[in-house]
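Printed here is work-v1.pdb (PDB, C-alpha atoms, pLDDT in the B column):
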MODEL        1
ATOM      1  CA  MET A 190     -22.264  21.112  16.125  1.00 50.00           C
ATOM      2  CA  HIS A 191     -21.041  20.981  12.521  1.00 53.00           C
ATOM      3  CA  VAL A 192     -21.909  17.779  10.699  1.00 55.00           C
ATOM      4  CA  PRO A 193     -19.650  17.323   7.676  1.00 68.00           C
ATOM      5  CA  THR A 194     -21.138  16.755   4.253  1.00 77.00           C
ATOM      6  CA  MET A 195     -20.275  13.668   2.261  1.00 74.00           C
ATOM      7  CA  THR A 196     -17.919  15.718   0.082  1.00 78.00           C
ATOM      8  CA  ASP A 197     -16.169  17.230   3.124  1.00 83.00           C
ATOM      9  CA  ALA A 198     -15.774  13.828   4.781  1.00 86.00           C
ATOM     10  CA  ALA A 199     -14.522  12.216   1.546  1.00 87.00           C
ATOM     11  CA  ARG A 200     -11.958  15.000   1.029  1.00 87.00           C
ATOM     12  CA  GLU A 201     -10.749  14.651   4.630  1.00 91.00           C
ATOM     13  CA  PHE A 202     -10.604  10.862   4.395  1.00 92.00           C
ATOM     14  CA  LEU A 203      -8.706  10.860   1.095  1.00 92.00           C
ATOM     15  CA  ALA A 204      -6.112  13.260   2.546  1.00 93.00           C
ATOM     16  CA  LEU A 205      -5.176  10.774   5.288  1.00 94.00           C
ATOM     17  CA  PRO A 206      -1.642   9.466   4.694  1.00 93.00           C
ATOM     18  CA  ARG A 207      -2.008   5.841   5.924  1.00 96.00           C
ATOM     19  CA  LEU A 208      -5.047   3.814   4.975  1.00 97.00           C
ATOM     20  CA  ALA A 209      -6.169   0.197   5.117  1.00 98.00           C
ATOM     21  CA  VAL A 210      -8.625  -1.473   2.778  1.00 97.00           C
ATOM     22  CA  VAL A 211     -10.360  -4.471   4.313  1.00 97.00           C
ATOM     23  CA  GLY A 212     -11.554  -7.062   1.827  1.00 94.00           C
ATOM     24  CA  VAL A 213      -8.798  -6.893  -0.802  1.00 94.00           C
ATOM     25  CA  SER A 214      -8.689 -10.296  -2.505  1.00 92.00           C
ATOM     26  CA  ARG A 215      -6.030 -12.429  -4.140  1.00 88.00           C
ATOM     27  CA  ASN A 216      -7.773 -12.429  -7.515  1.00 84.00           C
ATOM     28  CA  GLY A 217      -7.916  -8.647  -7.919  1.00 78.00           C
ATOM     29  CA  ASP A 218     -11.413  -8.118  -9.254  1.00 80.00           C
ATOM     30  CA  THR A 219     -13.298  -6.869  -6.201  1.00 84.00           C
ATOM     31  CA  ALA A 220     -14.328  -3.329  -5.294  1.00 85.00           C
ATOM     32  CA  ALA A 221     -11.773  -3.470  -2.477  1.00 90.00           C
ATOM     33  CA  ASN A 222      -8.982  -4.178  -4.971  1.00 92.00           C
ATOM     34  CA  TYR A 223      -9.993  -1.229  -7.154  1.00 90.00           C
ATOM     35  CA  VAL A 224     -10.099   1.046  -4.107  1.00 90.00           C
ATOM     36  CA  PHE A 225      -6.712  -0.243  -2.934  1.00 94.00           C
ATOM     37  CA  ARG A 226      -5.110   0.462  -6.330  1.00 92.00           C
ATOM     38  CA  LYS A 227      -6.637   3.952  -6.544  1.00 89.00           C
ATOM     39  CA  LEU A 228      -5.416   4.929  -3.065  1.00 91.00           C
ATOM     40  CA  ARG A 229      -1.966   3.559  -3.853  1.00 93.00           C
ATOM     41  CA  ASP A 230      -1.934   5.512  -7.138  1.00 88.00           C
ATOM     42  CA  MET A 231      -2.893   8.643  -5.169  1.00 87.00           C
ATOM     43  CA  GLY A 232       0.327   8.239  -3.178  1.00 89.00           C
ATOM     44  CA  ARG A 233      -1.162   6.990   0.070  1.00 90.00           C
ATOM     45  CA  ASP A 234       0.490   4.324   2.189  1.00 95.00           C
ATOM     46  CA  VAL A 235      -2.218   1.723   1.819  1.00 97.00           C
ATOM     47  CA  PHE A 236      -2.395  -1.728   3.361  1.00 98.00           C
ATOM     48  CA  PRO A 237      -4.575  -4.626   2.192  1.00 97.00           C
ATOM     49  CA  VAL A 238      -6.371  -6.556   4.917  1.00 97.00           C
ATOM     50  CA  ASN A 239      -7.628 -10.081   4.351  1.00 95.00           C
ATOM     51  CA  PRO A 240      -7.169 -12.916   6.863  1.00 94.00           C
ATOM     52  CA  ASN A 241      -7.224 -15.473   4.040  1.00 93.00           C
ATOM     53  CA  THR A 242      -4.166 -14.382   2.073  1.00 92.00           C
ATOM     54  CA  GLU A 243      -0.634 -13.229   2.788  1.00 92.00           C
ATOM     55  CA  GLU A 244      -0.344 -11.161  -0.397  1.00 92.00           C
ATOM     56  CA  ALA A 245      -2.729  -9.049  -2.447  1.00 92.00           C
ATOM     57  CA  GLU A 246      -2.055  -6.549  -5.219  1.00 92.00           C
ATOM     58  CA  GLY A 247       1.674  -7.253  -4.932  1.00 90.00           C
ATOM     59  CA  ALA A 248       1.741  -6.135  -1.301  1.00 93.00           C
ATOM     60  CA  ARG A 249       1.855  -7.973   1.990  1.00 95.00           C
ATOM     61  CA  SER A 250      -1.690  -8.534   3.205  1.00 96.00           C
ATOM     62  CA  TYR A 251      -2.495  -8.342   6.901  1.00 97.00           C
ATOM     63  CA  PRO A 252      -4.943 -10.613   8.728  1.00 97.00           C
ATOM     64  CA  ASP A 253      -6.443  -7.705  10.700  1.00 97.00           C
ATOM     65  CA  LEU A 254      -5.963  -4.012  11.374  1.00 98.00           C
ATOM     66  CA  GLN A 255      -3.952  -4.475  14.558  1.00 97.00           C
ATOM     67  CA  SER A 256      -1.275  -6.372  12.598  1.00 97.00           C
ATOM     68  CA  ILE A 257      -0.351  -3.370  10.436  1.00 98.00           C
ATOM     69  CA  PRO A 258       2.978  -1.955  11.693  1.00 96.00           C
ATOM     70  CA  GLY A 259       2.549   1.668  12.750  1.00 96.00           C
ATOM     71  CA  GLY A 260      -1.237   1.516  12.412  1.00 96.00           C
ATOM     72  CA  VAL A 261      -3.385   3.494  10.001  1.00 98.00           C
ATOM     73  CA  ASP A 262      -5.323   6.765   9.986  1.00 97.00           C
ATOM     74  CA  GLY A 263      -8.396   5.457   8.180  1.00 97.00           C
ATOM     75  CA  VAL A 264     -10.060   2.261   6.986  1.00 98.00           C
ATOM     76  CA  VAL A 265     -12.164   1.449   3.938  1.00 97.00           C
ATOM     77  CA  VAL A 266     -14.437  -1.495   4.711  1.00 97.00           C
ATOM     78  CA  ALA A 267     -15.269  -3.360   1.506  1.00 94.00           C
ATOM     79  CA  THR A 268     -16.493  -6.673   2.881  1.00 92.00           C
ATOM     80  CA  HIS A 269     -19.791  -8.456   3.300  1.00 89.00           C
ATOM     81  CA  PRO A 270     -21.984  -6.418   5.673  1.00 90.00           C
ATOM     82  CA  ARG A 271     -22.175  -9.295   8.170  1.00 92.00           C
ATOM     83  CA  VAL A 272     -18.536  -8.640   9.171  1.00 94.00           C
ATOM     84  CA  SER A 273     -18.501  -4.833   8.922  1.00 96.00           C
ATOM     85  CA  ALA A 274     -19.611  -4.331  12.553  1.00 96.00           C
ATOM     86  CA  ASP A 275     -16.636  -6.394  13.759  1.00 97.00           C
ATOM     87  CA  ILE A 276     -14.283  -4.287  11.651  1.00 97.00           C
ATOM     88  CA  VAL A 277     -15.755  -1.021  12.940  1.00 97.00           C
ATOM     89  CA  SER A 278     -15.426  -2.382  16.494  1.00 98.00           C
ATOM     90  CA  GLU A 279     -11.751  -3.125  15.815  1.00 97.00           C
ATOM     91  CA  CYS A 280     -11.313   0.456  14.560  1.00 98.00           C
ATOM     92  CA  VAL A 281     -12.835   1.777  17.801  1.00 98.00           C
ATOM     93  CA  LYS A 282     -10.543  -0.457  19.865  1.00 97.00           C
ATOM     94  CA  LEU A 283      -7.472   0.714  17.931  1.00 97.00           C
ATOM     95  CA  GLY A 284      -8.430   4.398  18.025  1.00 97.00           C
ATOM     96  CA  ILE A 285      -8.902   4.695  14.255  1.00 97.00           C
ATOM     97  CA  GLN A 286     -11.242   7.662  13.838  1.00 95.00           C
ATOM     98  CA  HIS A 287     -12.011   7.541  10.107  1.00 95.00           C
ATOM     99  CA  VAL A 288     -14.013   4.677   8.598  1.00 97.00           C
ATOM    100  CA  TRP A 289     -15.610   4.416   5.165  1.00 90.00           C
ATOM    101  CA  LEU A 290     -18.211   1.675   4.663  1.00 93.00           C
ATOM    102  CA  HIS A 291     -18.095   1.059   0.924  1.00 87.00           C
ATOM    103  CA  ARG A 292     -21.352   0.968  -1.004  1.00 80.00           C
ATOM    104  CA  SER A 293     -22.221   1.927  -4.529  1.00 66.00           C
ATOM    105  CA  PHE A 294     -25.464   0.136  -5.403  1.00 59.00           C
ATOM    106  CA  GLY A 295     -27.153  -2.302  -3.036  1.00 62.00           C
ATOM    107  CA  GLN A 296     -26.142  -2.819   0.589  1.00 65.00           C
ATOM    108  CA  GLY A 297     -22.385  -2.940   0.051  1.00 79.00           C
ATOM    109  CA  SER A 298     -20.568  -3.093   3.386  1.00 83.00           C
ATOM    110  CA  VAL A 299     -23.078  -0.964   5.269  1.00 89.00           C
ATOM    111  CA  SER A 300     -24.902  -2.641   8.131  1.00 91.00           C
ATOM    112  CA  PRO A 301     -27.093  -0.966  10.739  1.00 91.00           C
ATOM    113  CA  GLU A 302     -24.928  -2.437  13.513  1.00 95.00           C
ATOM    114  CA  ALA A 303     -21.683  -1.112  11.981  1.00 95.00           C
ATOM    115  CA  VAL A 304     -23.210   2.357  11.646  1.00 92.00           C
ATOM    116  CA  ARG A 305     -24.529   2.225  15.237  1.00 95.00           C
ATOM    117  CA  ILE A 306     -21.095   1.250  16.601  1.00 96.00           C
ATOM    118  CA  GLY A 307     -19.356   3.975  14.620  1.00 95.00           C
ATOM    119  CA  ARG A 308     -21.844   6.676  15.598  1.00 93.00           C
ATOM    120  CA  GLN A 309     -21.780   5.654  19.256  1.00 95.00           C
ATOM    121  CA  ALA A 310     -17.964   5.915  19.241  1.00 96.00           C
ATOM    122  CA  LYS A 311     -18.180   9.306  17.467  1.00 93.00           C
ATOM    123  CA  LEU A 312     -16.078   8.143  14.532  1.00 93.00           C
ATOM    124  CA  THR A 313     -16.069  10.057  11.291  1.00 91.00           C
ATOM    125  CA  LEU A 314     -18.034   7.334   9.551  1.00 92.00           C
ATOM    126  CA  ILE A 315     -18.968   7.468   5.880  1.00 90.00           C
ATOM    127  CA  PRO A 316     -21.856   4.997   5.496  1.00 89.00           C
ATOM    128  CA  GLY A 317     -21.881   4.578   1.736  1.00 85.00           C
ATOM    129  CA  GLY A 318     -20.380   5.722  -1.504  1.00 81.00           C
ATOM    130  CA  CYS A 319     -16.976   4.780  -2.816  1.00 81.00           C
ATOM    131  CA  PRO A 320     -13.612   6.549  -2.569  1.00 82.00           C
ATOM    132  CA  LEU A 321     -13.329   6.165  -6.360  1.00 79.00           C
ATOM    133  CA  MET A 322     -16.246   8.600  -6.684  1.00 76.00           C
ATOM    134  CA  PHE A 323     -14.227  11.323  -4.934  1.00 72.00           C
ATOM    135  CA  GLY A 324     -10.492  10.638  -5.425  1.00 71.00           C
ATOM    136  CA  ASP A 325      -9.015  12.788  -8.196  1.00 73.00           C
ATOM    137  CA  PRO A 326      -8.925  12.074 -10.975  1.00 74.00           C
ATOM    138  CA  VAL A 327     -12.418  10.549 -10.963  1.00 66.00           C
ATOM    139  CA  ASP A 328     -13.090   8.323 -13.967  1.00 67.00           C
ATOM    140  CA  ILE A 329     -16.261   8.861 -16.001  1.00 65.00           C
ATOM    141  CA  GLY A 330     -17.962   5.733 -14.634  1.00 63.00           C
ATOM    142  CA  HIS A 331     -17.531   6.788 -11.009  1.00 62.00           C
ATOM    143  CA  ARG A 332     -18.511  10.382 -11.833  1.00 63.00           C
ATOM    144  CA  CYS A 333     -21.752   9.042 -13.270  1.00 64.00           C
ATOM    145  CA  MET A 334     -22.344   6.744 -10.285  1.00 67.00           C
ATOM    146  CA  ARG A 335     -21.733   9.663  -7.894  1.00 65.00           C
ATOM    147  CA  TRP A 336     -24.254  11.784  -9.768  1.00 63.00           C
ATOM    148  CA  ILE A 337     -26.888   9.011  -9.964  1.00 63.00           C
ATOM    149  CA  LEU A 338     -26.483   8.076  -6.288  1.00 66.00           C
ATOM    150  CA  GLY A 339     -26.559  11.751  -5.303  1.00 65.00           C
ATOM    151  CA  VAL A 340     -29.817  12.313  -7.181  1.00 63.00           C
ATOM    152  CA  THR A 341     -31.477   9.095  -5.964  1.00 59.00           C
ATOM    153  CA  GLY A 342     -30.441   9.491  -2.315  1.00 65.00           C
ATOM    154  CA  GLY A 343     -27.924   6.641  -2.451  1.00 65.00           C
ATOM    155  CA  LEU A 344     -25.138   8.800  -0.978  1.00 66.00           C
ATOM    156  CA  PRO A 345     -25.271   9.977   2.616  1.00 71.00           C
ATOM    157  CA  LYS A 346     -26.098  13.697   2.809  1.00 63.00           C
ATOM    158  CA  GLU A 347     -24.270  14.083   6.091  1.00 61.00           C
ATOM    159  CA  VAL A 348     -21.599  12.069   7.781  1.00 72.00           C
TER     160      VAL A 348
ENDMDL
END

Translate this file's structure into structure tokens.
Amino acid sequence: MHVPTMTDAAREFLALPRLAVVGVSRNGDTAANYVFRKLRDMGRDVFPVNPNTEEAEGARSYPDLQSIPGGVDGVVVATHPRVSADIVSECVKLGIQHVWLHRSFGQGSVSPEAVRIGRQAKLTLIPGGCPLMFGDPVDIGHRCMRWILGVTGGLPKEV
């Protein structure tokens, strides 16, 4: 069985046409907001998800994944890790096969329970890293973070 590398999985994920970013905030200064803007700039249909606001980044925000009309192909989870397992469970329920648990330094959105749920459901689950480290063009800061995390073992070797 072929297990995709982080680079393969990131390339596949970033090619998906419809994506959701969970954790986009009203104030615009979170990792989720940066990821949302990058995906939008890459030409993806991207939907912010936050149950606490009706608008984020100038777009309608959805309270959950099931509320997005037409669904999505992949989800970036950029929330506190205590809620990431619930989001991955919602992805499984909705048949969303591609999930990226955001993490640069520290724990990020990765939780052991979220990873277990995703692996058990055979999702293509990226447990760490950031789409900004892989989405062209990659800025110098994210190129450096990708290199540092790659050298220190902070990026998953396999997905």

12 Å contact set for Asp275 (chain A), only C-alpha atoms, chain neighbours under 3 positions out, as number ranges by chain: A: 211, 253-254, 266, 268-272, 278-282, 298-300, 302-307

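Closest to His287 (chain A) among A:Arg233, A:Cys319, A:Ala209, A:Thr194 is A:Ala209, based on all atoms listed in the file.
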
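The spacing separating CA of Arg200 (chain A) from CA of Pro240 (chain A) amounts to 28.9 Å.
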
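Near Ala220 (chain A), within 10 Å and counting all atoms listed in the file, sit Gly212, Val213, Ser214, Val224, Phe225, Ala267, Thr268, His291, Arg292, Ser293, Gly297, Cys319 and Leu321 of chain A, not including residues fewer than 4 positions from it in the same chain.
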
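Proximity ranking of A:Leu208, A:Gly263, A:Ile276, A:Leu203 relative to Pro237 (chain A) places A:Leu208 first, based on only C-alpha atoms.
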
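If you look at CA of Leu314 (chain A) and CA of Pro258 (chain A), they are 23.1 Å away from each other.
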
Picked residues, the PyMOL selection byres ((chain A and resi 201) around 12), as a count of residues only: 26

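We find CA of Ser250 (chain A) and CA of Val238 (chain A) to be spaced 5.4 Å apart.
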